[in-house]
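Asks: Coordinates in start_17.cif, mmCIF, C-alpha atoms, are listed below.
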data_run
#
loop_
_atom_site.group_PDB
_atom_site.id
_atom_site.type_symbol
_atom_site.label_atom_id
_atom_site.label_comp_id
_atom_site.auth_asym_id
_atom_site.auth_seq_id
_atom_site.Cartn_x
_atom_site.Cartn_y
_atom_site.Cartn_z
ATOM 1 C CA MET A 1 114.916 129.799 63.042
ATOM 2 C CA PHE A 2 117.195 132.652 64.057
ATOM 3 C CA ARG A 3 117.823 132.716 67.777
ATOM 4 C CA VAL A 4 119.699 135.461 69.587
ATOM 5 C CA SER A 5 121.190 134.794 72.988
ATOM 6 C CA LEU A 6 120.985 137.292 75.814
ATOM 7 C CA ALA A 7 124.789 137.292 76.064
ATOM 8 C CA TYR A 8 125.035 138.307 72.393
ATOM 9 C CA VAL A 9 122.577 141.175 72.875
ATOM 10 C CA VAL A 10 124.463 142.357 75.974
ATOM 11 C CA ARG A 11 127.767 142.250 74.070
ATOM 12 C CA LEU A 12 126.326 144.243 71.143
ATOM 13 C CA THR A 13 124.786 146.770 73.534
ATOM 14 C CA ASN A 14 128.052 147.115 75.443
ATOM 15 C CA THR A 15 130.066 147.600 72.258
ATOM 16 C CA TYR A 16 127.814 149.799 70.134
ATOM 17 C CA SER A 17 125.430 151.722 72.413
ATOM 18 C CA ILE A 18 127.529 154.891 72.628
ATOM 19 C CA GLY A 19 128.044 154.910 68.865
ATOM 20 C CA LEU A 20 124.330 154.361 68.326
ATOM 21 C CA PHE A 21 123.571 157.257 70.657
ATOM 22 C CA VAL A 22 126.003 159.516 68.756
ATOM 23 C CA TYR A 23 124.559 158.365 65.430
ATOM 24 C CA PHE A 24 121.069 159.106 66.743
ATOM 25 C CA GLY A 25 122.147 162.730 67.246
ATOM 26 C CA ILE A 26 123.598 162.833 63.740
ATOM 27 C CA ALA A 27 120.453 161.236 62.359
ATOM 28 C CA LEU A 28 118.340 163.820 64.166
ATOM 29 C CA ILE A 29 120.344 166.644 62.581
ATOM 30 C CA SER A 30 120.044 164.880 59.222
ATOM 31 C CA ALA A 31 116.311 164.326 59.666
ATOM 32 C CA LEU A 32 115.753 167.977 60.532
ATOM 33 C CA THR A 33 117.746 168.878 57.418
ATOM 34 C CA GLU A 34 115.641 166.456 55.363
ATOM 35 C CA TRP A 35 112.317 167.617 56.738
ATOM 36 C CA GLY A 36 113.224 171.292 56.503
ATOM 37 C CA THR A 37 114.359 170.889 52.919
ATOM 38 C CA PHE A 38 111.236 168.855 52.145
ATOM 39 C CA VAL A 39 108.895 171.517 53.547
ATOM 40 C CA ALA A 40 110.802 174.365 51.884
ATOM 41 C CA ALA A 41 110.921 172.567 48.531
ATOM 42 C CA LEU A 42 107.168 171.845 48.625
ATOM 43 C CA ARG A 43 106.646 175.512 47.809
ATOM 44 C CA PHE A 44 108.306 174.947 44.421
ATOM 45 C CA VAL A 45 108.006 171.269 43.459
ATOM 46 C CA ALA A 46 105.824 168.171 43.884
ATOM 47 C CA PRO A 47 106.140 166.066 47.078
ATOM 48 C CA LEU A 48 108.269 163.360 45.442
ATOM 49 C CA SER A 49 110.755 165.933 44.126
ATOM 50 C CA ALA A 50 110.765 167.693 47.502
ATOM 51 C CA ALA A 51 111.500 164.379 49.212
ATOM 52 C CA THR A 52 114.376 163.744 46.784
ATOM 53 C CA ALA A 53 115.888 167.172 47.483
ATOM 54 C CA GLY A 54 115.637 166.517 51.210
ATOM 55 C CA PHE A 55 117.285 163.134 50.792
ATOM 56 C CA ILE A 56 120.275 164.496 48.875
ATOM 57 C CA LEU A 57 121.030 167.347 51.265
ATOM 58 C CA SER A 58 120.471 165.293 54.416
ATOM 59 C CA THR A 59 122.658 162.456 53.106
ATOM 60 C CA LEU A 60 125.530 164.874 52.546
ATOM 61 C CA VAL A 61 125.124 166.255 56.074
ATOM 62 C CA ASN A 62 124.904 162.723 57.482
ATOM 63 C CA PHE A 63 128.018 161.579 55.631
ATOM 64 C CA VAL A 64 130.171 164.435 56.896
ATOM 65 C CA LEU A 65 129.007 164.080 60.497
ATOM 66 C CA SER A 66 129.102 160.262 60.488
ATOM 67 C CA ARG A 67 132.632 160.127 59.184
ATOM 68 C CA ARG A 68 133.837 162.755 61.636
ATOM 69 C CA TYR A 69 131.985 161.812 64.823
ATOM 70 C CA ALA A 70 130.252 158.418 64.745
ATOM 71 C CA PHE A 71 132.283 155.813 62.896
ATOM 72 C CA ARG A 72 135.868 154.765 62.244
ATOM 73 C CA SER A 73 136.913 154.921 58.634
ATOM 74 C CA LYS A 74 138.357 151.873 56.937
ATOM 75 C CA ARG A 75 138.258 153.118 53.349
ATOM 76 C CA THR A 76 139.213 156.221 51.439
ATOM 77 C CA LEU A 77 136.975 159.261 51.617
ATOM 78 C CA SER A 78 135.764 158.732 48.068
ATOM 79 C CA ALA A 79 135.028 155.021 48.594
ATOM 80 C CA GLU A 80 133.051 155.733 51.750
ATOM 81 C CA PHE A 81 131.195 158.560 50.025
ATOM 82 C CA VAL A 82 130.153 156.304 47.136
ATOM 83 C CA LEU A 83 129.061 153.547 49.532
ATOM 84 C CA VAL A 84 127.118 155.945 51.750
ATOM 85 C CA MET A 85 125.342 157.486 48.767
ATOM 86 C CA GLY A 86 124.556 154.031 47.338
ATOM 87 C CA MET A 87 123.289 152.546 50.591
ATOM 88 C CA SER A 88 121.417 155.744 51.359
ATOM 89 C CA ALA A 89 119.684 155.426 48.010
ATOM 90 C CA TRP A 90 118.429 152.006 49.122
ATOM 91 C CA ALA A 91 117.349 153.463 52.455
ATOM 92 C CA PHE A 92 115.672 156.303 50.566
ATOM 93 C CA ALA A 93 113.782 153.765 48.452
ATOM 94 C CA GLY A 94 112.425 152.245 51.671
ATOM 95 C CA ASN A 95 111.856 155.689 53.168
ATOM 96 C CA ILE A 96 109.929 156.950 50.143
ATOM 97 C CA SER A 97 107.981 153.681 49.883
ATOM 98 C CA VAL A 98 106.832 154.002 53.486
ATOM 99 C CA PHE A 99 106.029 157.678 52.866
ATOM 100 C CA TYR A 100 104.072 156.920 49.684
ATOM 101 C CA VAL A 101 102.064 154.040 51.123
ATOM 102 C CA LEU A 102 101.171 155.982 54.257
ATOM 103 C CA TYR A 103 100.411 159.250 52.468
ATOM 104 C CA ALA A 104 98.879 158.173 49.154
ATOM 105 C CA VAL A 105 97.309 154.857 50.096
ATOM 106 C CA ALA A 106 96.539 155.083 53.822
ATOM 107 C CA GLU A 107 95.901 158.863 53.689
ATOM 108 C CA VAL A 108 98.108 159.590 56.695
ATOM 109 C CA ASN A 109 99.077 163.237 57.179
ATOM 110 C CA MET A 110 101.945 164.117 54.819
ATOM 111 C CA ILE A 111 104.382 165.213 57.547
ATOM 112 C CA VAL A 112 103.596 162.195 59.767
ATOM 113 C CA ALA A 113 104.124 159.893 56.773
ATOM 114 C CA LYS A 114 107.440 161.626 56.049
ATOM 115 C CA ILE A 115 108.612 161.230 59.647
ATOM 116 C CA LEU A 116 107.711 157.522 59.707
ATOM 117 C CA GLY A 117 109.506 156.987 56.413
ATOM 118 C CA THR A 118 112.566 158.686 57.866
ATOM 119 C CA CYS A 119 112.471 156.392 60.911
ATOM 120 C CA PHE A 120 112.669 153.387 58.598
ATOM 121 C CA GLY A 121 115.693 154.952 56.920
ATOM 122 C CA PHE A 122 117.397 155.568 60.293
ATOM 123 C CA VAL A 123 117.493 151.900 61.220
ATOM 124 C CA PHE A 124 118.659 150.831 57.765
ATOM 125 C CA ASN A 125 121.323 153.555 57.616
ATOM 126 C CA TYR A 126 122.798 152.855 61.047
ATOM 127 C CA LEU A 127 123.134 149.135 60.466
ATOM 128 C CA PHE A 128 124.782 149.503 57.069
ATOM 129 C CA ARG A 129 127.094 152.312 58.124
ATOM 130 C CA GLN A 130 128.271 150.565 61.294
ATOM 131 C CA PHE A 131 128.689 147.066 59.933
ATOM 132 C CA PHE A 132 129.387 147.425 56.203
ATOM 133 C CA ILE A 133 130.510 150.888 55.102
ATOM 134 C CA PHE A 134 132.652 152.097 57.969
ATOM 135 C CA SER A 135 134.748 149.927 60.260
ATOM 136 C CA HIS A 136 132.698 147.524 62.353
ATOM 137 C CA VAL A 137 135.048 148.455 65.215
ATOM 138 C CA SER A 138 133.304 151.082 67.301
ATOM 139 C CA ARG A 139 134.897 154.526 67.565
ATOM 140 C CA PHE A 140 133.902 154.537 71.242
ATOM 141 C CA VAL A 141 134.918 152.508 74.270
ATOM 142 C CA PRO A 142 132.428 149.910 75.478
ATOM 143 C CA VAL A 143 129.974 151.042 78.141
ATOM 144 C CA SER A 144 131.502 148.542 80.571
ATOM 145 C CA GLN A 145 134.865 150.356 80.313
ATOM 146 C CA ILE A 146 133.234 153.637 81.260
ATOM 147 C CA ALA A 147 131.509 151.954 84.201
ATOM 148 C CA LYS A 148 134.840 150.452 85.365
ATOM 149 C CA GLY A 149 136.541 153.823 85.029
ATOM 150 C CA ARG A 150 133.952 155.570 87.166
ATOM 151 C CA LYS A 151 133.986 152.768 89.712
ATOM 152 C CA GLY A 152 137.781 152.921 89.939
ATOM 153 C CA ASN A 153 137.830 156.702 90.330
ATOM 154 C CA SER A 154 135.272 156.740 93.139
ATOM 155 C CA THR A 155 137.076 154.327 95.470
#
So that I can check it, write out the structure of this file as structure tokens.
Replies:
Amino acid sequence: MFRVSLAYVVRLTNTYSIGLFVYFGIALISALTEWGTFVAALRFVAPLSAATAGFILSTLVNFVLSRRYAFRSKRTLSAEFVLVMGMSAWAFAGNISVFYVLYAVAEVNMIVAKILGTCFGFVFNYLFRQFFIFSHVSRFVPVSQIAKGRKGNST
């Protein structure tokens, strides 16, 4: 059985919490792009096609912002782009599966189902971007360094 120690969780939190917070902002912008595109596209195409259009545009937005603000690059632009698009396609498969099951099977409101599907994609996307696509080394200083800096400046 997989067992995680408290020290390991504290170390991960210390190292990656600022990056996760920044990525959350990027994901929020991406989600708003996805949902807005989805709603706008529903006027012209079926829900699955609208969801696909939202995925493509939001993934492009996410890639640009992630590379610039959230993660350190360790590959070429083109390599990272291909990996992000590929891993995002897997996240989209999970996202659309959650959406479909909730909307078509469980009869959950379409927008609520879309939001919950997007939440699934957020977790998947962050983990793969931070630990596999981009450098696993955080772009940001650990939280403990910020706390030491503030403590040192106040005395």
Asks: Please provide as a PyMOL selection string all residues within 9 Å of Val39 in chain A, with the sequence filter that same-chain residues fewer than 5 positions apart are discarded (counting only C-alpha atoms).
Replies: chain A and resi 34+47+50-51+54+111
Asks: What lies within 9 Å of range 98-105 of chain A using all atoms listed in the file, ignoring chain neighbours under 4 positions off, as a compact mmCIF listing (two decimals) with C-alpha atoms, in the coordinates of the input?
Replies:
# COMPACT_ATOMS: atom_id res chain seq x y z
CA LEU A 48 108.27 163.36 45.44
CA ALA A 93 113.78 153.76 48.45
CA GLY A 94 112.42 152.24 51.67
CA ASN A 109 99.08 163.24 57.18
CA MET A 110 101.94 164.12 54.82
CA ILE A 111 104.38 165.21 57.55
CA VAL A 112 103.60 162.20 59.77
CA ALA A 113 104.12 159.89 56.77
CA LYS A 114 107.44 161.63 56.05
CA ILE A 115 108.61 161.23 59.65
CA LEU A 116 107.71 157.52 59.71
CA GLY A 117 109.51 156.99 56.41
CA THR A 118 112.57 158.69 57.87
CA PHE A 120 112.67 153.39 58.60
Asks: Can you tell me which residues surround Ile56 in chain A at a distance of at most 12 Å, considering all atoms listed in the file, apart from same-chain residues fewer than 5 positions away, and format the answer as a PyMOL selection string?
Replies: chain A and resi 30-31+33-35+37-38+49-51+61-63+84-86+88-89+91-92
Asks: Taking 5 positions as the minimum chain separation for residues in the same chain, which residues sit within 8 Å of Ser17 in chain A when counting only C-alpha atoms? Answer as a PyMOL selection string.
Replies: chain A and resi 12+142-143
Asks: Calculated over all atoms listed in the file, which of the candidates A:Tyr69, A:Phe140, A:Val45, A:Phe24 has the smallest distance to Val123 in chain A?
Replies: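 Of A:Tyr69, A:Phe140, A:Val45, A:Phe24, the one nearest Val123 in chain A is A:Phe24, counting all atoms listed in the file.
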Asks: Grab the CA of Val10 in chain A to CA of Gly25 in chain A distance for me, in Å with one decimal place.
Replies: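 Between CA of Val10 in chain A and CA of Gly25 in chain A the gap works out to 22.3 Å.
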Asks: Which of these residues is nearest to Leu65 in chain A, using all atoms listed in the file: A:Ile29, A:Ala79, A:Leu127, A:Ala40?
Replies: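 Among the listed residues, A:Ile29 lies closest to Leu65 in chain A.
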Asks: With distances taken over all atoms listed in the file, which of A:Lys74, A:Arg43, A:Arg68, A:Arg11 is nearest to Val137 in chain A?
Replies: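 Counting all atoms listed in the file, the residue closest to Val137 in chain A is A:Lys74.
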Asks: Would you mind putting all heavy atoms back on range 137-148 of chain A and writing the result as a compact mmCIF listing (two decimals), keeping the file's coordinate frame?
Replies:
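That gives us selection-v1.txt:
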# COMPACT_ATOMS: atom_id res chain seq x y z
N VAL A 137 134.48 148.15 63.91
CA VAL A 137 135.05 148.46 65.22
C VAL A 137 134.51 149.82 65.65
O VAL A 137 134.65 150.80 64.93
CB VAL A 137 136.60 148.49 65.15
CG1 VAL A 137 137.19 148.90 66.50
CG2 VAL A 137 137.13 147.13 64.71
N SER A 138 133.91 149.84 66.81
CA SER A 138 133.30 151.08 67.30
C SER A 138 134.36 152.15 67.55
O SER A 138 135.47 151.85 67.98
CB SER A 138 132.54 150.82 68.60
OG SER A 138 131.98 152.02 69.09
N ARG A 139 134.02 153.38 67.28
CA ARG A 139 134.90 154.53 67.56
C ARG A 139 134.98 154.75 69.08
O ARG A 139 135.90 155.39 69.57
CB ARG A 139 134.32 155.77 66.88
CG ARG A 139 135.06 157.05 67.17
CD ARG A 139 134.40 158.25 66.51
NE ARG A 139 134.65 158.31 65.11
CZ ARG A 139 135.64 158.98 64.53
NH1 ARG A 139 136.49 159.65 65.26
NH2 ARG A 139 135.79 158.99 63.22
N PHE A 140 134.04 154.24 69.82
CA PHE A 140 133.90 154.54 71.24
C PHE A 140 134.24 153.32 72.10
O PHE A 140 134.09 152.19 71.67
CB PHE A 140 132.47 155.00 71.53
CG PHE A 140 132.08 156.16 70.67
CD1 PHE A 140 131.37 155.96 69.50
CD2 PHE A 140 132.45 157.44 71.01
CE1 PHE A 140 131.03 157.02 68.68
CE2 PHE A 140 132.12 158.51 70.19
CZ PHE A 140 131.40 158.30 69.03
N VAL A 141 134.64 153.60 73.34
CA VAL A 141 134.92 152.51 74.27
C VAL A 141 133.61 151.85 74.67
O VAL A 141 132.55 152.50 74.67
CB VAL A 141 135.67 152.99 75.53
CG1 VAL A 141 137.02 153.58 75.17
CG2 VAL A 141 134.85 153.99 76.32
N PRO A 142 133.66 150.57 75.01
CA PRO A 142 132.43 149.91 75.48
C PRO A 142 131.91 150.56 76.76
O PRO A 142 132.67 151.11 77.55
CB PRO A 142 132.89 148.47 75.75
CG PRO A 142 134.13 148.30 74.93
CD PRO A 142 134.77 149.66 74.89
N VAL A 143 130.61 150.47 76.95
CA VAL A 143 129.97 151.04 78.14
C VAL A 143 130.59 150.45 79.41
O VAL A 143 130.79 151.16 80.40
CB VAL A 143 128.45 150.79 78.09
CG1 VAL A 143 127.78 151.22 79.39
CG2 VAL A 143 127.84 151.52 76.91
N SER A 144 130.93 149.18 79.39
CA SER A 144 131.50 148.54 80.57
C SER A 144 132.83 149.18 80.97
O SER A 144 133.16 149.24 82.15
CB SER A 144 131.69 147.05 80.34
OG SER A 144 132.57 146.83 79.24
N GLN A 145 133.60 149.69 80.00
CA GLN A 145 134.86 150.36 80.31
C GLN A 145 134.61 151.68 81.02
O GLN A 145 135.35 152.06 81.91
CB GLN A 145 135.67 150.62 79.03
CG GLN A 145 136.15 149.36 78.36
CD GLN A 145 137.27 148.68 79.15
OE1 GLN A 145 137.20 148.51 80.36
NE2 GLN A 145 138.28 148.29 78.42
N ILE A 146 133.58 152.37 80.61
CA ILE A 146 133.23 153.64 81.26
C ILE A 146 132.79 153.35 82.68
O ILE A 146 133.19 154.04 83.62
CB ILE A 146 132.12 154.37 80.47
CG1 ILE A 146 132.67 154.79 79.11
CG2 ILE A 146 131.61 155.57 81.25
CD1 ILE A 146 131.62 155.30 78.17
N ALA A 147 131.98 152.31 82.86
CA ALA A 147 131.51 151.95 84.20
C ALA A 147 132.68 151.57 85.10
O ALA A 147 132.74 151.97 86.26
CB ALA A 147 130.51 150.81 84.12
N LYS A 148 133.65 150.83 84.57
CA LYS A 148 134.84 150.45 85.36
C LYS A 148 135.67 151.67 85.71
O LYS A 148 136.18 151.77 86.81
CB LYS A 148 135.70 149.46 84.57
CG LYS A 148 135.14 148.08 84.50
CD LYS A 148 136.03 147.19 83.67
CE LYS A 148 135.39 145.84 83.46
NZ LYS A 148 136.22 144.99 82.58
